[in-house]
Amino acid sequence: MGKGRETSAAAAMGKGAGRETSICLRVVMDGVQSPAPLLWYVVNLGDSLDLQPCSKGNVRRMEREAKRRDIEFMQKSIDDMEGKFEEEEDESDPMLNPVWQTEGIPESCFWTARDSTIYCLGAKRSGEPGYGRNFRDFDLLDLSEVVNIGPPMIRKRMDGKAVIARKNIYVFGGAKKAPWGEVLEIKGGGEEAEWKALNEPPMRIPPLDVFAFPLGDAADGIIVASGRMDGLFLYNVFKDSWNVLDEKFSFDGPSFSEPVIAGRSIYWVGSDESMCSYDLDTKELCRGDINFLPLKDALDTVRVLRMSYRLSFLHLHGDIFCLIWLQVNHDRSHARSVFVFHKMHVSRRFDKKEGEHSLRVKPVSTDYFLTDHGLISHFDGLVL
């Protein structure tokens with residue numbers, strides 16, 4: 001059951017705000033005995049509809065603020081080790097409290113969302129990470145704090161990918177054997193929903209590191225790719241069939257983020273620390289340098305850790321994207337994680353000198369949110 005609602009999810013999601021402005025974060029805390037409860041945060045980026053690239057002066061101010069935080073963290077860490085740390089009230093960042101805490105849902109599950117409803121799939125319920133058929137859902141706005149148990153999937157899965165298209169839940173990968181994909185058909189008239197196997201893709205797609213995203217809200221197709229093989233595929237939800245869109249498509253090495261789709265293009269942060277996009281219609285790959293120093297520092301940290309995790313990369317609306325990473329704050333004698341939300345404007349331009357398109361990446365704003373539950377082990381997020 002859901003426990004420990006500490007803030008209003010309705011308030012966090014922002015009454016009247018567009019869907020694209022609310023972000024849900026699934027968090028696993030550091031130092032918590034397994035199986036750890038999952039904490040769920042909702043952050044409302046209520047100003048996202050008006051965001052524009054900021055001036056060079058504001059970019060410099062944002063970079064100075066990030067540098068100040070790094071210096072302050074290092075000094076407090078040294079003071080703490082030398083026993084010189086004094087209790088003090090800092091200028092605190094806005095505080096984030098979890099809107100939900102779920103027990104019994106494994107951290108190795110994969111998840112998706114529709115409006116305020118969260119769907120958690122796969123992985124076994126307790127102990128070491130393993131494959132499972134579990135399907136559970138809960139509503140962030142439901143004051144009863146009940147987690148519902150739905151029909152189990154056909155195949156045991158872990159670390160698969162789930163998306164919603166045409167109000168049905170589609171699952172891809174994460175299983176050791178067929179079916180590679182399945183769908184939960186949401187039925188009306190009191191009929192129970194049930195899982196059905198999808199036809200197999202034309203090529204054997206690895207079960208892990210799968211990416212999938214529907215083409216728009218009223219999608220009749222789902223784009224599917226894998227970080228472990230070349231190829232880009234389209235699954236037709238009406239015909240239960242597959243098409244190979246581009247057998248040569250590749251993310252060109254490990255990426256710093258999962259890809260997202262915006263319009264008819266796929267975007268991601270590439271292994272060379274550049275912003276990348278792929279046009280589904282022209283099959284053109286574009287890149288653009290990321291020149292914001294705090295973000296490059298965050299990417300360097302991921303690289304040092306040998307790409308053991310990805311930054312959370314989200315498309316808010318139009319040309320506005322958001323990258324989320326973690327910092328540490330030594331406040332009131334103990335360390336706590338700080339979420340950093342860096343919003344940026346990404347647009348295409350034609351370089352006459354090079355004779356090709358490239359991406360222009362401009363900072364928009366950076367927001368810091370302090371958490372109240374100590375240090376975070378890892379997290380992921382999506383737009384509600």
# chains A, B, ... in the order shown; residues from 1 in each chain; ligands from 1
call {"tool": "residues_around", "arguments": {"residues": "Leu184 (chain A)", "least_positions_apart": "3", "cutoff": "8 Å", "atoms": "only C-alpha atoms", "output": "PDB file with N, CA and C atoms, in the first residue's frame"}}
result
ATOM      1  N   ASN A 168      -4.061   1.947 -24.317  1.00  0.00           N
ATOM      2  CA  ASN A 168      -3.591   0.626 -23.916  1.00  0.00           C
ATOM      3  C   ASN A 168      -2.134   0.687 -23.502  1.00  0.00           C
ATOM      4  N   ILE A 169      -1.711  -0.273 -22.680  1.00  0.00           N
ATOM      5  CA  ILE A 169      -0.337  -0.318 -22.192  1.00  0.00           C
ATOM      6  C   ILE A 169       0.440  -1.359 -23.003  1.00  0.00           C
ATOM      7  N   TYR A 170       1.510  -0.909 -23.642  1.00  0.00           N
ATOM      8  CA  TYR A 170       2.359  -1.775 -24.448  1.00  0.00           C
ATOM      9  C   TYR A 170       3.691  -1.985 -23.728  1.00  0.00           C
ATOM     10  N   ALA A 193      -9.436  -6.256 -17.930  1.00  0.00           N
ATOM     11  CA  ALA A 193      -8.374  -6.116 -18.922  1.00  0.00           C
ATOM     12  C   ALA A 193      -7.542  -7.395 -18.945  1.00  0.00           C
ATOM     13  N   GLU A 194      -6.940  -7.690 -20.085  1.00  0.00           N
ATOM     14  CA  GLU A 194      -6.096  -8.873 -20.194  1.00  0.00           C
ATOM     15  C   GLU A 194      -4.924  -8.591 -21.129  1.00  0.00           C
ATOM     16  N   TRP A 195      -3.823  -9.300 -20.872  1.00  0.00           N
ATOM     17  CA  TRP A 195      -2.628  -9.147 -21.687  1.00  0.00           C
ATOM     18  C   TRP A 195      -2.709 -10.042 -22.918  1.00  0.00           C
ATOM     19  N   LYS A 196      -2.235  -9.521 -24.050  1.00  0.00           N
ATOM     20  CA  LYS A 196      -2.162 -10.291 -25.283  1.00  0.00           C
ATOM     21  C   LYS A 196      -0.770 -10.145 -25.878  1.00  0.00           C
TER      22      LYS A 196
END
call {"tool": "select_by_dssp", "arguments": {"residues": "region 132-343 of chain A", "states": "helix (DSSP H, G or I)", "output": "MDAnalysis selection string"}}
result
chainID A and resid 293:304
call {"tool": "closest_residue", "arguments": {"among": "A:Leu198, A:Leu96, A:Ile105, A:Ile23", "to": "Ile149 (chain A)", "atoms": "only C-alpha atoms"}}
result
A:Ile105
call {"tool": "residues_around", "arguments": {"residues": "Pro37 (chain A)", "least_positions_apart": "4", "cutoff": "8 Å", "atoms": "only C-alpha atoms", "output": "PyMOL selection string"}}
result
chain A and resi 28+101-107
call {"tool": "write_last_selection", "arguments": {"atoms": "N, CA and C atoms", "output": "mmCIF file, in the first residue's frame"}}
result
data_model
loop_
_atom_site.group_PDB
_atom_site.id
_atom_site.type_symbol
_atom_site.label_atom_id
_atom_site.label_comp_id
_atom_site.auth_asym_id
_atom_site.auth_seq_id
_atom_site.Cartn_x
_atom_site.Cartn_y
_atom_site.Cartn_z
ATOM 1 N N VAL A 28 15.061 5.984 -5.449
ATOM 2 C CA VAL A 28 15.546 4.952 -4.531
ATOM 3 C C VAL A 28 16.615 5.592 -3.658
ATOM 4 N N GLN A 101 4.833 7.029 -1.116
ATOM 5 C CA GLN A 101 5.863 6.042 -0.806
ATOM 6 C C GLN A 101 5.237 4.670 -0.950
ATOM 7 N N THR A 102 5.821 3.839 -1.795
ATOM 8 C CA THR A 102 5.229 2.527 -2.057
ATOM 9 C C THR A 102 6.117 1.429 -1.495
ATOM 10 N N GLU A 103 5.504 0.509 -0.792
ATOM 11 C CA GLU A 103 6.178 -0.681 -0.272
ATOM 12 C C GLU A 103 5.811 -1.868 -1.151
ATOM 13 N N GLY A 104 6.754 -2.760 -1.353
ATOM 14 C CA GLY A 104 6.444 -3.996 -2.065
ATOM 15 C C GLY A 104 6.551 -3.911 -3.566
ATOM 16 N N ILE A 105 6.778 -2.711 -4.118
ATOM 17 C CA ILE A 105 7.015 -2.590 -5.550
ATOM 18 C C ILE A 105 8.527 -2.561 -5.753
ATOM 19 N N PRO A 106 9.098 -3.531 -6.441
ATOM 20 C CA PRO A 106 10.564 -3.627 -6.540
ATOM 21 C C PRO A 106 11.165 -2.468 -7.311
ATOM 22 N N GLU A 107 12.367 -2.053 -6.894
ATOM 23 C CA GLU A 107 13.029 -0.933 -7.549
ATOM 24 C C GLU A 107 13.467 -1.262 -8.972
#
call {"tool": "residues_around", "arguments": {"residues": "Leu384 (chain A)", "least_positions_apart": "6", "cutoff": "8 Å", "atoms": "only C-alpha atoms", "output": "PyMOL selection string"}}
result
chain A and resi 19-24+113-116
call {"tool": "select_by_dssp", "arguments": {"residues": "region 225-339 of chain A", "states": "strand (DSSP E or B)", "output": "PyMOL selection string"}}
result
chain A and resi 225-226+232-236+241-246+257+260-262+265-269+274-279+285-289+311-317+320-331+334-339
call {"tool": "closest_residue", "arguments": {"among": "A:Lys156, A:Arg166, A:Arg287, A:Arg228", "to": "Ala178 (chain A)", "atoms": "only C-alpha atoms"}}
result
A:Lys156
call {"tool": "residues_around", "arguments": {"residues": "region 372-374 of chain A", "least_positions_apart": "6", "cutoff": "10 Å", "atoms": "only C-alpha atoms", "output": "MDAnalysis selection string"}}
result
chainID A and resid 29:31 39 95:98 328:329 334:338
call {"tool": "residues_around", "arguments": {"residues": "region 241-248 of chain A", "least_positions_apart": "4", "cutoff": "6 Å", "atoms": "only C-alpha atoms", "output": "PyMOL selection string"}}
result
chain A and resi 201+230-236
call {"tool": "residues_around", "arguments": {"residues": "Leu299 (chain A)", "least_positions_apart": "4", "cutoff": "12 Å", "atoms": "only C-alpha atoms", "output": "PyMOL selection string"}}
result
chain A and resi 255-257+269-275+290-295+303-312+323-326
call {"tool": "atom_distance", "arguments": {"atom1": "CA of Val340 (chain A)", "atom2": "CA of Val43 (chain A)"}}
result
11.6 Å
call {"tool": "closest_residue", "arguments": {"among": "A:Gly318, A:Gly216, A:Gly150, A:Gly174", "to": "Tyr131 (chain A)", "atoms": "only C-alpha atoms"}}
result
A:Gly174
call {"tool": "closest_residue", "arguments": {"among": "A:Arg360, A:Arg264, A:Arg136, A:His315", "to": "Leu382 (chain A)", "atoms": "only C-alpha atoms"}}
result
A:His315
